[in-house]
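Engineer: One structure follows; several queries about it will come next.
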Amino acid sequence: MAFSRCDLLCSAAALLSLAATPALAQTAPETPQAPAEKTSATTPEIVVTAQFRTQRLQDTPLAITAVNGAALAARGQTNISEVAAQTPNVTLAPQNQYLGPGIIAFIRGVGQSDPNFALEPGVGMYVDDVYLPTLTGSLLDLMDLDRVEVLRGPQGTLAGRNSLGGSIKLYGVKPKGDNSGSFEATYGSYHRVDLRGHFDLKLTDNLAMRVSGVSKNRDGYVKILDYALTHPGTTVPTMATGANPQVGTLGGTSFAAGKVALRWTPTSDIEVNVSADYTRERDEPGASVLIYGNNIAQFAGSPVTKDPNRAWLYGTDGAPIPLDCRFVPNGRNSCDTLSGYDKRYVSYATFYDAARPDHQVPYKPLALNRHSNLDNYGFAGTIDWTLGPSLALKSITAYRHYDSDWSFAESAPVVPSMLNQAQSNTQWSQELRLTGKALNNTLDFVLGGFYFHAKGLFTGRIDLNYAGIDFLHGPDPTPATNKAIFANASWKPFEAFTLTGAAQILGPQGIWLCPPQSRWLHDPALHRLSVRREPAAQLRAGRAQRAVQDVRRLAARLARSRRLSLLARADGLWPGLDRLSFGRGQSASVLSQPGRGFPARDDHGL
């Protein structure tokens with residue numbers, strides 16, 4: 001289905017005219033109308049499964065933010081990085097040109113920006129409970145989502161894969177078999193064309209299929225100009241192949257993704273969900289501009305003892321060309337004389353290193369294609385089996401693979417660094433969870449096991465003129481294996497009190513010690529349990545029906561070894577108590593000194 005600019009503008013005008021019509025009818029005589037039904041002003045209820053049981057968001061005793069698919073669509077949010085706009089203490093952003101097609105994720109200051117396989121992300125990313133182990137390939141489109149859950153703080157005792165900063169979990173809409181569908185099209189600046197849609201079909205009485213897809217295309221908005229053609233008379237050599245000074249753009253995207261999901265319910269106690277997805281990106285390198293040039297352009301020597309015989313770039317007159325302010329198109333560090341262009345969005349990048357080869361840098365010259373590519377696909381199978389009225393088993397099996405390849409160059413003809421990097425990753429994962437209730441439904445528990453194996457491979461052409469090195473990196477394999485057994489239980493002996501405990505044991509290739517998830521007052525000089533009372537008026541603030549106070553996470557963790565971790569928490573509503581304080585001073589009943597965390601200690605007889 002094609003749209004022309006005229007068609008879309010005409011459609012917009014029609015919508016505006018429809019919106020203005022009621023104003024023309026306000027002079028007509030009013031007719032009696034039946035009283036309108038009273039509408040609720042409350043926020044729509046969001047149901048989450050962060051503790052692997054269905055709970056209302058406001059009843060979940062975790063630091064969690066959940067956004068349903070309808071809210072995401074109403075805000076026009078189509079990318080996981082945009083979720084941070086309504087999530088406190090969360091930073092999500094696309095990777096820059098240097099690090100390729102991926103995401104930068106931080107929660108409460110804990111995260112990771114480097115996609116190196118040897119660095120475990122501080123924030124765990126999940127799609128339908130399938131763990132994504134790397135930042136590359138995790139810049140996800142919000143395609144056909146039911147909800148997004150953001151869990152802040154250390155995770156691991158409710159799922160097999162641990163993460164220090166928190167977790168971000170995306171859940172897709174399951175097939176319903178209601179023969180429904182939708183289609184959406186967007187047109188915008190820089191020839192932006194976005195298409196997304198889905199259809200849901202009933203195949204048999206107990207089998208449904210849902211197919212969803214998305215396509216996003218947009219031209220780049222940073223213009224790559226040939227410096228010689230835009231600055232007649234310069235000694236900078238031209239890299240253009242014709243007379244057009246614009247040789248390309250940065251920031252353009254070409255993205256397509258699709259997903260097929262099947263839902264089979266052979267009995268009322270068994271539900272099987274199977275899905276396959278594929279993502280293809282053929283983007284331009286990320287948009288970047290030069291903001292400062294430091295006048296260095298030689299391989300050997302300091303800025304004082306430059307060697308003119310080893311220049312990064314020679315001019316048409318044979319003299320070395322330094323990286324200086326002439327290549328900074330805009331800002332206070334610029335002395336560029338360019339005219340006729342918006343200098344805020346100009347780059348003089350060539351993706352060509354014209355340095356002469358020698359014994360230290362033998363692979364010169366070097367030319368790279370401008371690209372940022374990703375092929376990402378996976379298969380997942382989930383089985384939910386209700387074993388009894390208070391017992392259920394869940395199995396999650398998944399396979400994923402991606403190949404990524406991207407290039408990077410500085411925004412000037414003089415090249416301090418230039419890179420072409422490639423990553424591929426293959427992973428298998430299996431998780432089992434047994435959830436249930438006991439003790440007359442006062443105890444909720446989760447028992448589970450997790451296995452994960454991945455094979456990562458990195459290769460790169462690393463051209464670092466500023467360091468005087470140029471080499472081929474890899475292939476560099478990085479295997480990773482994770483095994484874990486975990487348990488979590490919440491006991492609610494009466495309505496106003498819940499005690500939660502958790503434990504996790506990791507395999508020999510992983511160690512996880514639960515950091516304290518505490519919200520108590522911390523005073524290094526305090527060595528006792530203390531209670532602070534507040535005036536009744538403050539306790540009733542925001543509570544029209546009753547004075548509600550909570551005891552915020554009384555947590556204590558005991559560990560027998562470096563491979564066993566325990567966590568306990570109490571949540572309750574006790575009259576007259578506003579906050580519970582616990583001083584972490586040196587004593588036989590605690591495991592560390594203030595500010596040093598909770599290392600495992602055997603000298604306390606644990």
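Scheme for the structure tokens: letters A, B, ... for chains in order shown; per-chain residue numbers from 1; ligand numbers from 1 in order shown.
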Which residues in segment 253-374 of chain A does DSSP call strand (DSSP E or B)? List them as a PyMOL selection string.
Structural biologist: chain A and resi 253-267+270-283+298+311+314+320+346-347+352-353+366-367+372-374
Engineer: Within 8 Å of segment 85-94 of chain A, counting only C-alpha atoms, which residues show up once you throw out same-chain ones fewer than 5 positions away? Write them as a PyMOL selection string, please.
Structural biologist: chain A and resi 65+80+101-109+139+150
Engineer: Could you take the residues named above and write them with N, CA and C atoms, as a CSV table (one decimal), in the first residue's frame?
Structural biologist:
```csv
chain,number,residue,atom,x,y,z
A,65,THR,N,8.1,-0.9,37.3
A,65,THR,CA,7.3,0.0,36.5
A,65,THR,C,6.8,-0.8,35.4
A,80,ILE,N,12.2,0.4,22.4
A,80,ILE,CA,12.4,0.1,23.8
A,80,ILE,C,13.1,1.2,24.5
A,101,PRO,N,24.8,-1.6,16.2
A,101,PRO,CA,23.4,-1.7,16.4
A,101,PRO,C,23.0,-2.4,17.8
A,102,GLY,N,22.8,-1.6,18.8
A,102,GLY,CA,22.5,-2.1,20.1
A,102,GLY,C,22.0,-1.0,21.0
A,103,ILE,N,21.9,-1.3,22.3
A,103,ILE,CA,21.3,-0.4,23.3
A,103,ILE,C,22.3,-0.2,24.4
A,104,ILE,N,22.2,1.0,25.0
A,104,ILE,CA,22.9,1.3,26.3
A,104,ILE,C,21.8,1.3,27.3
A,105,ALA,N,22.0,0.5,28.3
A,105,ALA,CA,20.9,0.3,29.4
A,105,ALA,C,21.6,0.5,30.8
A,106,PHE,N,21.0,1.4,31.6
A,106,PHE,CA,21.4,1.6,33.0
A,106,PHE,C,20.1,1.7,33.8
A,107,ILE,N,20.2,1.1,35.0
A,107,ILE,CA,19.1,1.2,36.0
A,107,ILE,C,19.8,1.5,37.3
A,108,ARG,N,19.4,2.6,37.9
A,108,ARG,CA,20.0,3.1,39.1
A,108,ARG,C,21.5,3.2,39.0
A,109,GLY,N,22.0,3.6,37.9
A,109,GLY,CA,23.4,3.8,37.7
A,109,GLY,C,24.2,2.6,37.4
A,139,LEU,N,18.3,-3.6,20.9
A,139,LEU,CA,17.5,-2.3,20.7
A,139,LEU,C,16.2,-2.8,20.0
A,150,VAL,N,9.7,-3.2,33.9
A,150,VAL,CA,11.0,-2.7,34.3
A,150,VAL,C,11.2,-3.0,35.8
```
Engineer: Using only C-alpha atoms, pick whichever of A:Thr481, A:Gln427, A:Thr442, A:Ser275 has the shortest atom-to-atom distance to Ile383 of chain A.
Structural biologist: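 Of A:Thr481, A:Gln427, A:Thr442, A:Ser275, the one nearest Ile383 of chain A, counting only C-alpha atoms, is A:Ser275.
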Engineer: Could you name the residues that touch Ala66 of chain A at 7 Å or less, counting only C-alpha atoms, but leaving out those on the same chain fewer than 2 positions away, as a VMD selection string?
Structural biologist: chain A and resid 64 68 147 to 150
Engineer: Go ahead and dump the residues you just picked, N, CA and C atoms, as a short mmCIF file (atom, residue, chain, number, x, y, z; two decimals), in the first residue's frame.
Structural biologist:
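Output file out_6.cif follows:
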```cif
data_model
loop_
_atom_site.label_atom_id
_atom_site.label_comp_id
_atom_site.auth_asym_id
_atom_site.auth_seq_id
_atom_site.Cartn_x
_atom_site.Cartn_y
_atom_site.Cartn_z
N ILE A 64 9.06 -1.78 40.63
CA ILE A 64 8.71 -2.17 39.27
C ILE A 64 7.88 -1.08 38.62
N ASN A 68 1.47 -0.91 29.78
CA ASN A 68 0.80 -1.84 28.88
C ASN A 68 0.89 -1.35 27.44
N ARG A 147 2.75 -5.81 27.20
CA ARG A 147 3.22 -4.93 28.27
C ARG A 147 4.75 -4.97 28.33
N VAL A 148 5.30 -4.00 29.03
CA VAL A 148 6.73 -3.93 29.35
C VAL A 148 6.85 -3.80 30.86
N GLU A 149 7.70 -4.62 31.47
CA GLU A 149 7.96 -4.55 32.91
C GLU A 149 9.42 -4.18 33.13
N VAL A 150 9.65 -3.17 33.95
CA VAL A 150 11.01 -2.75 34.30
C VAL A 150 11.19 -2.98 35.79
#
```
Engineer: Would you list the contacts of segment 432-441 of chain A as a list in words, taking every protein, DNA or RNA residue within 6 Å and counting only C-alpha atoms, but skipping same-chain residues closer than 3 positions in sequence?
Structural biologist: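 Close residues of segment 432-441 of chain A: Ser390, Leu391, Ala392, Leu393, Lys394, Ser395, Asp444, Phe445, Val446, Leu447, Gly448 and Gly449 of chain A.
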Engineer: Would you kindly return, as a list in words, each protein, DNA or RNA residue with an atom no farther than 6 Å from any atom of Val274 of chain A, considering only C-alpha atoms and excluding same-chain residues fewer than 2 positions away?
Structural biologist: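 Non-adjacent residues within range: Ala261, Leu262, Ala380 and Gly381 of chain A.
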Engineer: Go ahead and write the selection's residues with all heavy atoms as a PDB file, in the first residue's frame.
Structural biologist:
```pdb
ATOM      1  N   ALA A 261       3.356 -16.426  15.830  1.00  0.00           N
ATOM      2  CA  ALA A 261       3.127 -17.085  17.116  1.00  0.00           C
ATOM      3  C   ALA A 261       1.937 -18.030  17.002  1.00  0.00           C
ATOM      4  O   ALA A 261       0.925 -17.693  16.372  1.00  0.00           O
ATOM      5  CB  ALA A 261       2.882 -16.048  18.213  1.00  0.00           C
ATOM      6  N   LEU A 262       2.073 -19.204  17.609  1.00  0.00           N
ATOM      7  CA  LEU A 262       1.004 -20.199  17.666  1.00  0.00           C
ATOM      8  C   LEU A 262       0.676 -20.493  19.116  1.00  0.00           C
ATOM      9  O   LEU A 262       1.581 -20.603  19.958  1.00  0.00           O
ATOM     10  CB  LEU A 262       1.419 -21.486  16.962  1.00  0.00           C
ATOM     11  CG  LEU A 262       1.657 -21.410  15.452  1.00  0.00           C
ATOM     12  CD1 LEU A 262       2.247 -22.722  14.952  1.00  0.00           C
ATOM     13  CD2 LEU A 262       0.367 -21.087  14.714  1.00  0.00           C
ATOM     14  N   ALA A 380      11.187 -19.883  20.060  1.00  0.00           N
ATOM     15  CA  ALA A 380      10.900 -20.079  21.487  1.00  0.00           C
ATOM     16  C   ALA A 380       9.670 -20.956  21.643  1.00  0.00           C
ATOM     17  O   ALA A 380       8.716 -20.855  20.855  1.00  0.00           O
ATOM     18  CB  ALA A 380      10.685 -18.736  22.190  1.00  0.00           C
ATOM     19  N   GLY A 381       9.712 -21.801  22.651  1.00  0.00           N
ATOM     20  CA  GLY A 381       8.571 -22.644  22.984  1.00  0.00           C
ATOM     21  C   GLY A 381       8.306 -22.603  24.474  1.00  0.00           C
ATOM     22  O   GLY A 381       9.226 -22.792  25.282  1.00  0.00           O
TER      23      GLY A 381
END
```
